[in-house]
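File shown here: my_file18.txt, holding compact mmCIF, C-alpha atoms.
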# COMPACT_ATOMS: atom_id res chain seq x y z
CA MET A 1 0.00 0.00 0.00
CA MET A 2 1.30 3.42 -0.90
CA THR A 3 1.22 6.62 1.10
CA TRP A 4 -0.83 9.56 -0.09
CA GLY A 5 0.00 11.20 -3.39
CA ALA A 6 -0.25 14.84 -4.36
CA ASP A 7 -3.48 16.68 -5.02
CA ALA A 8 -4.20 19.77 -7.03
CA ARG A 9 -3.19 22.18 -4.26
CA GLY A 10 0.32 23.27 -5.14
CA ALA A 11 1.36 19.95 -6.68
CA ALA A 12 0.87 17.84 -9.76
CA PRO A 13 -2.73 16.89 -10.59
CA TRP A 14 -3.88 13.30 -10.29
CA THR A 15 -3.80 11.00 -13.29
CA GLU A 16 -4.91 7.39 -13.59
CA ASP A 17 -1.43 6.04 -12.98
CA GLN A 18 -1.06 8.18 -9.84
CA SER A 19 -3.88 6.34 -8.08
CA VAL A 20 -3.23 5.79 -4.40
CA GLU A 21 -4.73 3.09 -2.25
CA VAL A 22 -5.88 4.08 1.23
CA GLY A 23 -6.65 1.52 3.91
CA LEU A 24 -9.21 2.05 6.61
CA ALA A 25 -6.57 2.01 9.30
CA GLN A 26 -2.81 2.33 9.35
CA ARG A 27 -0.27 1.72 12.05
CA PRO A 28 1.36 4.89 13.40
CA ALA A 29 4.43 5.60 11.34
CA ASP A 30 7.62 6.59 13.04
CA LYS A 31 8.93 10.11 12.71
CA GLN A 32 11.30 9.26 9.89
CA GLY A 33 9.31 7.07 7.50
CA LEU A 34 5.65 6.80 6.69
CA GLU A 35 4.97 3.23 5.61
CA PRO A 36 1.30 2.52 6.34
CA ALA A 37 0.01 -0.97 6.93
CA GLU A 38 -3.47 -2.39 7.28
CA THR A 39 -4.78 -3.23 10.73
CA PRO A 40 -8.09 -4.81 11.73
CA ALA A 41 -9.35 -1.60 13.28
CA GLY A 42 -12.38 -1.16 10.98
CA SER A 43 -14.94 1.64 11.33
CA LEU A 44 -14.19 2.96 14.77
CA LEU A 45 -16.48 5.94 15.18
CA PRO A 46 -20.25 5.95 15.66
CA PRO A 47 -21.99 6.42 12.31
CA GLY A 48 -24.04 9.49 13.27
CA ASP A 49 -27.02 10.69 11.33
CA THR A 50 -25.57 10.91 7.83
CA ARG A 51 -27.78 11.82 4.91
CA TYR A 52 -26.35 11.01 1.51
CA ALA A 53 -27.33 13.74 -0.92
CA MET A 54 -28.99 12.28 -3.98
CA SER A 55 -27.53 13.57 -7.21
CA PRO A 56 -27.89 12.22 -10.75
CA PHE A 57 -24.96 9.89 -9.96
CA THR A 58 -26.05 8.13 -6.82
CA CYS A 59 -27.78 4.80 -7.37
CA LEU A 60 -25.38 1.90 -7.83
CA GLU A 61 -28.12 -0.54 -8.79
CA GLU A 62 -29.19 1.70 -11.64
CA TYR A 63 -25.79 1.34 -13.26
CA GLY A 64 -25.04 -2.29 -12.39
CA ARG A 65 -21.28 -1.80 -12.53
CA ALA A 66 -18.32 -1.27 -10.24
CA PRO A 67 -18.87 1.77 -8.02
CA VAL A 68 -16.95 5.00 -8.48
CA LEU A 69 -17.15 7.26 -5.43
CA ALA A 70 -16.90 11.03 -5.01
CA ALA A 71 -16.57 13.17 -1.90
CA LEU A 72 -16.98 16.93 -2.21
CA ASP A 73 -16.22 19.30 0.67
CA LEU A 74 -17.33 22.91 0.13
CA GLY A 75 -15.82 25.04 2.87
CA THR A 76 -15.56 28.71 3.66
CA ASN A 77 -12.30 28.99 1.75
CA ASN A 78 -11.88 25.88 -0.41
CA CYS A 79 -13.79 23.60 -2.74
CA ARG A 80 -12.26 20.11 -2.63
CA LEU A 81 -13.11 16.90 -4.45
CA LEU A 82 -11.79 13.34 -4.28
CA ILE A 83 -12.86 10.55 -6.63
CA ALA A 84 -12.05 6.97 -5.68
CA ARG A 85 -12.84 3.29 -6.15
CA PRO A 86 -13.47 0.93 -3.20
CA CYS A 87 -10.79 -1.66 -2.52
CA ARG A 88 -10.49 -4.17 0.30
CA GLU A 89 -11.08 -2.15 3.48
CA GLY A 90 -10.38 1.28 2.01
CA PHE A 91 -10.40 3.11 -1.31
CA ARG A 92 -8.12 4.01 -4.20
CA VAL A 93 -8.05 7.67 -5.22
CA VAL A 94 -8.15 8.16 -8.99
CA ASP A 95 -8.75 11.90 -9.29
CA ALA A 96 -8.78 15.04 -7.17
CA PHE A 97 -9.50 18.74 -7.39
CA SER A 98 -8.93 21.63 -5.01
CA ARG A 99 -9.52 25.33 -5.58
CA ILE A 100 -9.56 28.31 -3.25
CA VAL A 101 -12.96 29.92 -3.87
CA ARG A 102 -13.42 32.05 -0.71
CA LEU A 103 -17.14 31.40 -0.60
CA GLY A 104 -17.31 32.96 2.85
CA GLU A 105 -15.61 36.20 1.85
CA GLY A 106 -17.37 39.09 3.60
CA LEU A 107 -19.57 36.87 5.78
CA SER A 108 -18.10 38.33 8.95
CA ARG A 109 -19.63 41.68 8.00
CA SER A 110 -22.94 40.83 6.36
CA ASP A 111 -24.00 37.19 6.95
CA THR A 112 -24.66 37.07 3.20
CA LEU A 113 -22.76 35.27 0.45
CA ARG A 114 -21.43 37.77 -2.08
CA ASP A 115 -22.31 37.48 -5.76
CA ASP A 116 -18.67 37.20 -6.87
CA ALA A 117 -17.93 34.55 -4.24
CA MET A 118 -20.93 32.49 -5.32
CA SER A 119 -19.94 32.78 -8.99
CA ARG A 120 -16.38 31.63 -8.25
CA THR A 121 -17.72 28.68 -6.32
CA VAL A 122 -20.22 27.65 -8.98
CA GLN A 123 -17.42 27.65 -11.56
CA ALA A 124 -15.33 25.38 -9.33
CA LEU A 125 -18.32 23.09 -8.79
CA LYS A 126 -18.79 22.84 -12.56
CA VAL A 127 -15.23 21.53 -12.77
CA CYS A 128 -16.08 19.00 -10.05
CA ARG A 129 -19.20 17.90 -11.92
CA SER A 130 -17.20 17.52 -15.12
CA LYS A 131 -14.62 15.35 -13.36
CA MET A 132 -17.36 13.19 -11.86
CA GLU A 133 -18.94 12.63 -15.25
CA ARG A 134 -15.61 11.86 -16.89
CA ARG A 135 -14.72 9.32 -14.19
CA GLY A 136 -18.17 7.71 -14.21
CA VAL A 137 -19.03 8.54 -10.60
CA ASN A 138 -22.18 6.77 -9.40
CA LEU A 139 -22.12 7.37 -5.63
CA VAL A 140 -21.43 10.83 -4.21
CA ARG A 141 -21.78 12.85 -1.07
CA ALA A 142 -21.31 16.61 -1.31
CA VAL A 143 -21.29 18.66 1.89
CA GLY A 144 -21.14 22.34 2.83
CA THR A 145 -19.79 23.62 6.13
CA GLU A 146 -19.49 26.92 8.02
CA ALA A 147 -20.14 29.41 5.21
CA CYS A 148 -23.25 27.51 4.15
CA ARG A 149 -24.41 27.15 7.76
CA ARG A 150 -24.05 30.84 8.43
CA ALA A 151 -25.21 32.62 5.27
CA ASP A 152 -28.76 33.97 5.19
CA ASN A 153 -28.92 33.48 1.42
CA CYS A 154 -27.49 29.96 1.37
CA ASP A 155 -30.75 28.31 0.23
CA ALA A 156 -30.81 30.49 -2.88
CA PHE A 157 -27.15 29.72 -3.51
CA LEU A 158 -27.69 25.96 -3.23
CA ASP A 159 -30.67 26.19 -5.58
CA ARG A 160 -28.40 27.92 -8.08
CA VAL A 161 -25.74 25.22 -7.62
CA GLN A 162 -28.27 22.48 -8.33
CA THR A 163 -29.65 24.31 -11.37
CA GLU A 164 -26.24 25.03 -12.92
CA THR A 165 -24.30 21.90 -11.92
CA GLY A 166 -26.83 19.22 -10.97
CA LEU A 167 -25.12 18.82 -7.60
CA GLN A 168 -27.03 18.78 -4.33
CA ILE A 169 -24.97 20.17 -1.47
CA GLU A 170 -25.89 18.91 1.99
CA ILE A 171 -25.30 21.42 4.80
CA ILE A 172 -23.82 19.47 7.70
CA SER A 173 -23.66 20.40 11.37
CA PRO A 174 -20.37 21.16 13.15
CA LYS A 175 -20.76 17.81 14.94
CA GLU A 176 -21.07 15.90 11.67
CA GLU A 177 -18.19 17.87 10.15
CA ALA A 178 -15.97 16.94 13.09
CA ARG A 179 -17.06 13.30 12.93
CA LEU A 180 -16.22 13.02 9.24
CA ALA A 181 -12.86 14.75 9.74
CA MET A 182 -12.08 12.36 12.57
CA THR A 183 -13.00 9.36 10.46
CA GLY A 184 -10.66 10.58 7.74
CA CYS A 185 -7.77 11.37 10.08
CA SER A 186 -7.99 8.49 12.58
CA PRO A 187 -5.45 6.24 10.79
CA LEU A 188 -2.75 8.69 11.86
CA LEU A 189 -3.46 8.35 15.59
CA ASP A 190 -1.02 6.44 17.80
CA PRO A 191 -3.05 3.76 19.67
CA THR A 192 -0.42 3.59 22.43
CA ILE A 193 -1.18 7.15 23.62
CA PRO A 194 -4.47 7.20 25.54
CA ASN A 195 -5.87 10.58 24.47
CA ALA A 196 -5.80 12.81 21.42
CA LEU A 197 -6.66 16.38 20.52
CA VAL A 198 -7.66 16.63 16.88
CA PHE A 199 -8.33 20.00 15.28
CA ASP A 200 -9.17 21.42 11.89
CA ILE A 201 -8.57 25.13 11.24
CA GLY A 202 -11.08 26.16 8.61
CA GLY A 203 -11.99 29.39 6.88
CA GLY A 204 -14.95 30.22 9.11
CA SER A 205 -14.48 28.01 12.15
CA THR A 206 -12.05 25.80 14.03
CA GLU A 207 -13.21 22.32 15.01
CA MET A 208 -11.75 20.71 18.15
CA ILE A 209 -12.24 17.05 19.09
CA TRP A 210 -11.19 15.36 22.35
CA ILE A 211 -10.68 11.63 21.98
CA GLU A 212 -9.91 8.63 24.13
CA LEU A 213 -8.29 5.60 22.52
CA ILE A 214 -9.67 2.39 24.02
CA ARG A 215 -7.74 -0.68 22.86
CA GLY A 216 -6.60 1.45 19.94
CA ARG A 217 -10.14 2.46 19.04
CA PRO A 218 -10.80 6.24 18.99
CA VAL A 219 -13.89 7.29 20.94
CA VAL A 220 -15.03 10.91 20.73
CA LEU A 221 -15.53 12.28 24.25
CA ASP A 222 -16.26 15.93 23.41
CA GLN A 223 -16.06 18.41 20.58
CA ILE A 224 -16.58 22.10 19.93
CA SER A 225 -16.77 24.40 16.95
CA VAL A 226 -15.11 27.76 17.60
CA PRO A 227 -16.61 30.26 15.10
CA LEU A 228 -13.21 31.68 14.20
CA GLY A 229 -11.24 30.70 11.12
CA VAL A 230 -8.61 32.13 8.82
CA VAL A 231 -11.06 34.04 6.62
CA ASN A 232 -13.12 35.84 9.25
CA LEU A 233 -10.05 36.65 11.39
CA THR A 234 -8.22 38.02 8.35
CA GLU A 235 -11.23 40.19 7.48
CA THR A 236 -11.19 41.58 11.02
CA TYR A 237 -7.46 42.09 11.55
CA GLY A 238 -6.08 42.40 8.02
CA GLY A 239 -3.99 40.23 5.76
CA ASP A 240 -1.13 42.45 4.58
CA ARG A 241 0.94 43.73 7.47
CA VAL A 242 -0.33 42.34 10.77
CA CYS A 243 1.15 43.96 13.86
CA PRO A 244 2.16 41.83 16.89
CA HIS A 245 -0.60 43.47 18.96
CA ASP A 246 -3.31 42.30 16.54
CA TYR A 247 -1.69 38.88 16.36
CA ARG A 248 -2.01 38.56 20.15
CA ARG A 249 -5.62 39.76 19.95
CA MET A 250 -6.40 36.99 17.49
CA MET A 251 -4.74 34.46 19.80
CA ASP A 252 -6.68 35.73 22.81
CA LYS A 253 -9.96 35.65 20.93
CA VAL A 254 -9.42 32.01 19.95
CA ALA A 255 -8.18 31.07 23.43
CA ALA A 256 -11.38 32.43 24.97
CA GLY A 257 -13.31 29.84 22.93
CA LEU A 258 -11.15 26.99 24.25
CA THR A 259 -11.32 27.62 27.99
CA ASP A 260 -14.57 25.80 28.84
CA PHE A 261 -13.65 22.89 26.55
CA ASP A 262 -10.38 22.47 28.43
CA ARG A 263 -11.93 22.85 31.88
CA ARG A 264 -14.70 20.30 31.46
CA ASN A 265 -12.35 17.66 30.02
CA GLY A 266 -9.20 18.26 32.09
CA ILE A 267 -7.11 18.36 28.92
CA ALA A 268 -4.30 20.57 30.23
CA ALA A 269 -3.72 18.22 33.18
CA ALA A 270 -3.56 15.23 30.81
CA VAL A 271 -1.05 17.08 28.60
CA LYS A 272 1.23 17.65 31.61
CA THR A 273 1.39 13.91 32.25
CA GLY A 274 2.26 13.13 28.62
CA ARG A 275 -0.99 11.30 27.89
CA VAL A 276 -2.06 13.45 24.91
CA GLN A 277 -1.13 13.38 21.25
CA MET A 278 -2.13 16.18 18.89
CA LEU A 279 -3.26 15.87 15.28
CA GLY A 280 -3.93 18.88 13.08
CA ALA A 281 -5.63 19.24 9.71
CA SER A 282 -5.70 22.48 7.73
CA GLY A 283 -3.85 24.51 5.16
CA THR A 284 -2.09 26.29 8.01
CA VAL A 285 -0.41 23.24 9.52
CA THR A 286 0.41 21.67 6.15
CA THR A 287 1.98 24.95 5.03
CA LEU A 288 4.10 25.23 8.18
CA ALA A 289 5.17 21.61 7.84
CA GLY A 290 6.22 22.20 4.24
CA ILE A 291 8.28 25.21 5.28
CA GLN A 292 9.83 23.27 8.18
CA MET A 293 10.84 20.53 5.74
CA GLY A 294 12.40 23.05 3.36
CA LEU A 295 10.21 22.06 0.42
CA SER A 296 10.56 24.21 -2.67
CA ARG A 297 6.92 23.40 -3.49
CA TYR A 298 4.18 21.68 -1.56
CA ASP A 299 4.31 17.87 -1.70
CA ARG A 300 1.37 16.14 -0.06
CA SER A 301 3.05 12.74 -0.11
CA ARG A 302 5.78 14.09 2.18
CA VAL A 303 3.66 16.31 4.41
CA ASP A 304 0.69 14.07 5.25
CA GLY A 305 1.63 12.11 8.37
CA ALA A 306 4.74 14.18 9.07
CA TRP A 307 5.50 15.86 12.40
CA LEU A 308 5.63 19.58 13.19
CA ASP A 309 7.79 20.68 16.10
CA ARG A 310 6.17 23.29 18.37
CA ASP A 311 9.23 25.53 18.77
CA GLN A 312 10.07 25.41 15.07
CA ALA A 313 6.46 26.19 14.18
CA ARG A 314 6.49 29.24 16.46
CA SER A 315 9.71 30.44 14.83
CA ILE A 316 8.21 30.07 11.35
CA SER A 317 5.06 31.90 12.49
CA GLU A 318 7.15 34.79 13.82
CA THR A 319 8.98 35.00 10.48
CA LEU A 320 5.72 35.07 8.52
CA LEU A 321 4.27 37.69 10.87
CA GLY A 322 7.25 39.93 10.14
CA LEU A 323 6.57 39.87 6.39
CA ASP A 324 3.98 41.74 4.37
CA TYR A 325 1.62 40.07 1.91
CA MET A 326 4.12 40.03 -0.96
CA GLY A 327 6.87 38.74 1.30
CA ARG A 328 4.71 35.83 2.42
CA ALA A 329 3.52 35.18 -1.13
CA GLY A 330 7.15 34.61 -2.12
CA GLN A 331 7.64 31.92 0.50
CA PRO A 332 7.66 28.29 -0.68
CA CYS A 333 4.44 26.44 0.21
CA VAL A 334 2.53 29.71 0.84
CA GLY A 335 1.92 31.48 -2.46
CA ARG A 336 -0.47 34.29 -3.32
CA ASP A 337 -3.68 32.39 -2.54
CA ARG A 338 -2.76 31.86 1.11
CA ALA A 339 -0.44 34.79 1.79
CA ASP A 340 -3.15 36.94 3.40
CA LEU A 341 -4.67 34.05 5.41
CA VAL A 342 -1.65 32.24 6.80
CA VAL A 343 -0.95 34.69 9.64
CA ALA A 344 -4.46 34.24 11.05
CA GLY A 345 -3.97 30.49 10.82
CA CYS A 346 -0.70 30.79 12.71
CA ALA A 347 -2.46 32.78 15.44
CA ILE A 348 -5.11 30.07 15.80
CA LEU A 349 -2.44 27.37 15.99
CA ASP A 350 -0.45 29.40 18.54
CA ALA A 351 -3.57 29.78 20.69
CA ILE A 352 -4.16 26.03 20.59
CA TRP A 353 -0.55 25.28 21.42
CA ARG A 354 -0.45 27.90 24.19
CA GLN A 355 -3.44 26.19 25.82
CA TRP A 356 -2.07 22.67 25.33
CA PRO A 357 1.74 22.65 24.89
CA VAL A 358 2.16 19.20 23.32
CA PRO A 359 5.74 19.17 21.97
CA GLN A 360 4.89 17.87 18.50
CA LEU A 361 1.91 17.93 16.21
CA ARG A 362 1.15 15.26 13.63
CA ILE A 363 0.05 16.67 10.28
CA ALA A 364 -3.00 15.37 8.43
CA ASP A 365 -3.52 16.48 4.86
CA ARG A 366 -6.85 14.69 4.91
CA GLY A 367 -10.18 15.10 6.65
CA VAL A 368 -13.83 15.41 5.66
CA ARG A 369 -13.42 14.09 2.10
CA GLU A 370 -11.53 11.02 3.25
CA GLY A 371 -14.08 10.41 6.01
CA ILE A 372 -16.87 10.51 3.42
CA LEU A 373 -14.97 8.13 1.14
CA PHE A 374 -14.39 5.57 3.89
CA GLU A 375 -18.15 5.50 4.53
CA LEU A 376 -19.16 5.47 0.85
CA ALA A 377 -16.69 2.65 0.20
CA ALA A 378 -18.17 0.62 3.05
CA GLN A 379 -21.68 1.35 1.74
CA ALA A 380 -20.69 0.25 -1.78
CA ARG A 381 -19.18 -3.00 -0.51
CA ARG A 382 -22.34 -3.79 1.44
CA ARG A 383 -24.51 -3.21 -1.63
CA ARG A 384 -22.43 -5.53 -3.78
CA ARG A 385 -22.51 -8.49 -1.37
How does the structure come out when it is put into structure tokens?
Amino acid sequence: MMTWGADARGAAPWTEDQSVEVGLAQRPADKQGLEPAETPAGSLLPPGDTRYAMSPFTCLEEYGRAPVLAALDLGTNNCRLLIARPCREGFRVVDAFSRIVRLGEGLSRSDTLRDDAMSRTVQALKVCRSKMERRGVNLVRAVGTEACRRADNCDAFLDRVQTETGLQIEIISPKEEARLAMTGCSPLLDPTIPNALVFDIGGGSTEMIWIELIRGRPVVLDQISVPLGVVNLTETYGGDRVCPHDYRRMMDKVAAGLTDFDRRNGIAAAVKTGRVQMLGASGTVTTLAGIQMGLSRYDRSRVDGAWLDRDQARSISETLLGLDYMGRAGQPCVGRDRADLVVAGCAILDAIWRQWPVPQLRIADRGVREGILFELAAQARRRRR
């Protein structure tokens, strides 16, 4: 079984011969090499109340052929697609797409999706639809997160999406978003460490999950959605030159949303005794990991599953804070699309790490899409028995 390959974000696009097989569970890799192996872990998280959006592609029986799966995650900042085929206990990715659309641009001021943001997103979704048709997708789940949850005009936007693309986007709750992200990321957890903090820094919110591993099986104990992400913080505090005072204000604002979560679960005390691992998913942590590794361009196959050192991450964050937009845009693994957002992401990560000073963070360039694919693959296998 191979490790993850690159996706469209800053790396070569997928082709048929770049397909990558993903098992449902992998043993924790050591800090030097990432050689995944299958384990009998299976589906470890409770299924939740999932509703598979019915699109023109969905019914396997109608086609009577091998299933081709698609998972689409429409976030505040990004539109992401994975297309895969079920195999054994996992799936094999055959195509992918990722585009920064900034659907939630301006939401922090108006609670309304802007016309230009909706148009950008619809164009990206048309690309997704085209890829699904070309690959023969017949089972799909497409979900929308914080921007769709928050916008007053989201229903009209989703009607437009269905009219122009044929896709039905399902708005999921923060709890379902966290559950899917956890399902996608859980193969990277170390079953020998009893607890885990898993987080996903999004465009409009930051999801936090507190987990206990029981005989290697992750059980979600608690979760929160902090309504602060890289887009709305950047709109509030700026994305060109950010002064240290505003950086600390962003950190303090995020930290205020973590206090009760920490208190009711005793997370800080568990961190002090070394019983907590940390796993992060987002463009922020993958960018910092790429910089730490000295990559000249982003390489998902090297970053996913890698480790980010807390002190090195803080040093990189300080360097990025000292640059203006153009200075950050010139940094490898940042680029123009993320140059205005990365400082806000660093502030969120610093707030998390200040609250829970775990020495190292494991990087997950995976999440909601992979969680959807694990479940669609299992559903497809059940239907074909």
Produce a table with one row for each residue of region 128-203 of chain A that has an atom at most 12 Å from any atom of region 276-281 of chain A, each row naming the nearest atom pair and its distance in Å at one decimal; use all atoms listed in the file; arrange rows by chain and rising residue number; format as a tab-separated table.
residue	atom	partner	partner_atom	distance
A:Ala178	CA	A:Ala281	CA	11.1
A:Ala181	CA	A:Ala281	CA	8.5
A:Met182	CA	A:Ala281	CA	9.9
A:Gly184	CA	A:Ala281	CA	10.2
A:Cys185	CA	A:Ala281	CA	8.2
A:Ser186	CA	A:Leu279	CA	9.2
A:Pro187	CA	A:Leu279	CA	10.8
A:Leu188	CA	A:Leu279	CA	8.0
A:Leu189	CA	A:Leu279	CA	7.5
A:Asp190	CA	A:Gln277	CA	7.8
A:Pro191	CA	A:Gln277	CA	9.9
A:Thr192	CA	A:Gln277	CA	9.9
A:Ile193	CA	A:Val276	CA	6.5
A:Pro194	CA	A:Val276	CA	6.7
A:Asn195	CA	A:Val276	CA	4.8
A:Ala196	CA	A:Gln277	CA	4.7
A:Leu197	CA	A:Met278	CA	4.8
A:Val198	CA	A:Leu279	CA	4.7
A:Phe199	CA	A:Gly280	CA	5.0
A:Asp200	CA	A:Ala281	CA	4.7
A:Ile201	CA	A:Ala281	CA	6.8
A:Gly202	CA	A:Ala281	CA	8.9
Gly75 (chain A) surroundings by all atoms listed in the file, 8 Å radius, close-in-sequence under 6 positions cut, as a tab-separated table (two decimals) with C-alpha atoms, keeping the file's coordinate frame:
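This went into selection_15.tsv:
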chain	number	residue	atom	x	y	z
A	103	LEU	CA	-17.14	31.40	-0.60
A	144	GLY	CA	-21.14	22.34	2.83
A	145	THR	CA	-19.79	23.62	6.13
A	146	GLU	CA	-19.49	26.92	8.02
A	147	ALA	CA	-20.14	29.41	5.21
A	148	CYS	CA	-23.25	27.51	4.15
A	202	GLY	CA	-11.08	26.16	8.61
A	203	GLY	CA	-11.99	29.39	6.88
- request: Determine, counting all atoms listed in the file, which protein, DNA and RNA residues have an atom within 10 Å of an atom of Arg314 (chain A); residues of the same chain fewer than 6 positions away are not included. Present the result as a ChimeraX atom specification.
  value: /A:288,320,346-347,349-350,353
field: Counting only C-alpha atoms, the residue of A:Cys243, A:Met251, A:Ile348, A:Leu69 that sits nearest Gly136 (chain A)
entry: A:Leu69
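For the choices A:Arg241, A:Arg248, A:Arg264, A:Arg275, the atom-to-atom distance to Ala339 (chain A) is smallest for A:Arg241 when using all atoms listed in the file.
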Skipping near chain neighbours, those fewer than 6 positions away, what residues fall within 10 Å of Pro244 (chain A) using only C-alpha atoms, listed as a compact mmCIF listing (two decimals) with C-alpha atoms, in the frame of the given file?
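File produced: part-v8.txt:
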# COMPACT_ATOMS: atom_id res chain seq x y z
CA MET A 250 -6.40 36.99 17.49
CA GLU A 318 7.15 34.79 13.82
CA LEU A 321 4.27 37.69 10.87
CA GLY A 322 7.25 39.93 10.14
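Excluding Arg134 (chain A) itself and same-chain residues fewer than 3 positions from it, the residues having an atom within 12 Å of it are Phe57, Val68, Ala70, Ile83, Val94, Asp95, Val127, Cys128, Arg129, Ser130, Lys131, Val137 and Asn138 of chain A, counting all atoms listed in the file.
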So for region 119-138 of chain A, what box centre and size do we get, axis-aligned, 4 Å extra on each of the six sides, every listed atom, Å to one decimal, as AutoDock Vina command-line options?
--center_x -18.4 --center_y 19.8 --center_z -11.6 --size_x 15.6 --size_y 34.0 --size_z 18.6
- prompt: Between CA of Asn265 (chain A) and CA of Gly229 (chain A), what is the distance, to one decimal in Å?
  reply: 23.0 Å
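Here the question is which of A:Ala124, A:Val254, A:Ala313, A:Leu228 gets nearest to Thr165 (chain A) using all atoms listed in the file, and that residue is A:Ala124.
Between CA of Ser108 (chain A) and CA of Asn232 (chain A) the separation is 5.6 Å.
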Can you tell me, as an mmCIF file with C-alpha atoms, in the frame of the given file, what residues are no more than 8 Å from Glu164 (chain A) when counting all atoms listed in the file, ignoring any on the same chain fewer than 2 positions away?
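around-v7.cif written:
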data_model
loop_
_atom_site.group_PDB
_atom_site.id
_atom_site.type_symbol
_atom_site.label_atom_id
_atom_site.label_comp_id
_atom_site.auth_asym_id
_atom_site.auth_seq_id
_atom_site.Cartn_x
_atom_site.Cartn_y
_atom_site.Cartn_z
ATOM 1 C CA VAL A 122 -20.220 27.650 -8.980
ATOM 2 C CA LYS A 126 -18.790 22.840 -12.560
ATOM 3 C CA ARG A 160 -28.400 27.920 -8.080
ATOM 4 C CA VAL A 161 -25.740 25.220 -7.620
ATOM 5 C CA GLN A 162 -28.270 22.480 -8.330
ATOM 6 C CA GLY A 166 -26.830 19.220 -10.970
#
Which residues of region 101-141 of chain A come within 8 Å of region 150-153 of chain A, and for each one, what is the closest pair of atoms and their distance in Å to one decimal, counting all atoms listed in the file, sorted by chain and residue number, as JSON lines?
{"residue": "A:Leu107", "atom": "CA", "partner": "A:Ala151", "partner_atom": "CA", "distance": 7.1}
{"residue": "A:Asp111", "atom": "CA", "partner": "A:Ala151", "partner_atom": "CA", "distance": 5.0}
{"residue": "A:Thr112", "atom": "CA", "partner": "A:Ala151", "partner_atom": "CA", "distance": 4.9}
{"residue": "A:Leu113", "atom": "CA", "partner": "A:Ala151", "partner_atom": "CA", "distance": 6.0}
message: Restricting the calculation to all atoms listed in the file: of A:Phe97, A:Phe374, A:Trp356, A:Trp307, which residue gets closest to Ala269 (chain A)?
response: A:Trp356
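For the pair CA of Gly239 (chain A) and CA of Tyr325 (chain A), the interatomic distance is 6.8 Å.
With distances restricted to all atoms listed in the file, A:Arg369 is the closest residue to Glu177 (chain A) from A:Arg369, A:Leu295, A:Thr121, A:Ala380.
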Can you give me N, CA, C and O atoms for region 265-274 of chain A, written as a PDB file, keeping the file's coordinate frame?
ATOM      1  N   ASN A 265     -12.981  18.927  30.375  1.00  0.00           N
ATOM      2  CA  ASN A 265     -12.350  17.660  30.020  1.00  0.00           C
ATOM      3  C   ASN A 265     -11.001  17.417  30.703  1.00  0.00           C
ATOM      4  O   ASN A 265     -10.439  16.326  30.561  1.00  0.00           O
ATOM      5  N   GLY A 266     -10.484  18.416  31.418  1.00  0.00           N
ATOM      6  CA  GLY A 266      -9.200  18.260  32.090  1.00  0.00           C
ATOM      7  C   GLY A 266      -8.058  17.991  31.117  1.00  0.00           C
ATOM      8  O   GLY A 266      -7.128  17.219  31.421  1.00  0.00           O
ATOM      9  N   ILE A 267      -8.098  18.650  29.974  1.00  0.00           N
ATOM     10  CA  ILE A 267      -7.110  18.360  28.920  1.00  0.00           C
ATOM     11  C   ILE A 267      -5.721  18.832  29.318  1.00  0.00           C
ATOM     12  O   ILE A 267      -4.725  18.116  29.134  1.00  0.00           O
ATOM     13  N   ALA A 268      -5.612  20.033  29.870  1.00  0.00           N
ATOM     14  CA  ALA A 268      -4.300  20.570  30.230  1.00  0.00           C
ATOM     15  C   ALA A 268      -3.587  19.661  31.234  1.00  0.00           C
ATOM     16  O   ALA A 268      -2.369  19.437  31.135  1.00  0.00           O
ATOM     17  N   ALA A 269      -4.326  19.125  32.193  1.00  0.00           N
ATOM     18  CA  ALA A 269      -3.720  18.220  33.180  1.00  0.00           C
ATOM     19  C   ALA A 269      -3.227  16.948  32.502  1.00  0.00           C
ATOM     20  O   ALA A 269      -2.155  16.422  32.827  1.00  0.00           O
ATOM     21  N   ALA A 270      -3.991  16.435  31.526  1.00  0.00           N
ATOM     22  CA  ALA A 270      -3.560  15.230  30.810  1.00  0.00           C
ATOM     23  C   ALA A 270      -2.319  15.509  29.967  1.00  0.00           C
ATOM     24  O   ALA A 270      -1.439  14.648  29.837  1.00  0.00           O
ATOM     25  N   VAL A 271      -2.234  16.713  29.384  1.00  0.00           N
ATOM     26  CA  VAL A 271      -1.050  17.080  28.600  1.00  0.00           C
ATOM     27  C   VAL A 271       0.196  17.071  29.483  1.00  0.00           C
ATOM     28  O   VAL A 271       1.263  16.591  29.075  1.00  0.00           O
ATOM     29  N   LYS A 272       0.077  17.584  30.703  1.00  0.00           N
ATOM     30  CA  LYS A 272       1.230  17.650  31.610  1.00  0.00           C
ATOM     31  C   LYS A 272       1.777  16.273  31.942  1.00  0.00           C
ATOM     32  O   LYS A 272       2.968  16.122  32.221  1.00  0.00           O
ATOM     33  N   THR A 273       0.935  15.267  31.925  1.00  0.00           N
ATOM     34  CA  THR A 273       1.390  13.910  32.250  1.00  0.00           C
ATOM     35  C   THR A 273       1.802  13.125  31.003  1.00  0.00           C
ATOM     36  O   THR A 273       2.105  11.929  31.102  1.00  0.00           O
ATOM     37  N   GLY A 274       1.800  13.777  29.837  1.00  0.00           N
ATOM     38  CA  GLY A 274       2.260  13.130  28.620  1.00  0.00           C
ATOM     39  C   GLY A 274       1.288  12.133  28.026  1.00  0.00           C
ATOM     40  O   GLY A 274       1.690  11.263  27.242  1.00  0.00           O
TER      41      GLY A 274
END
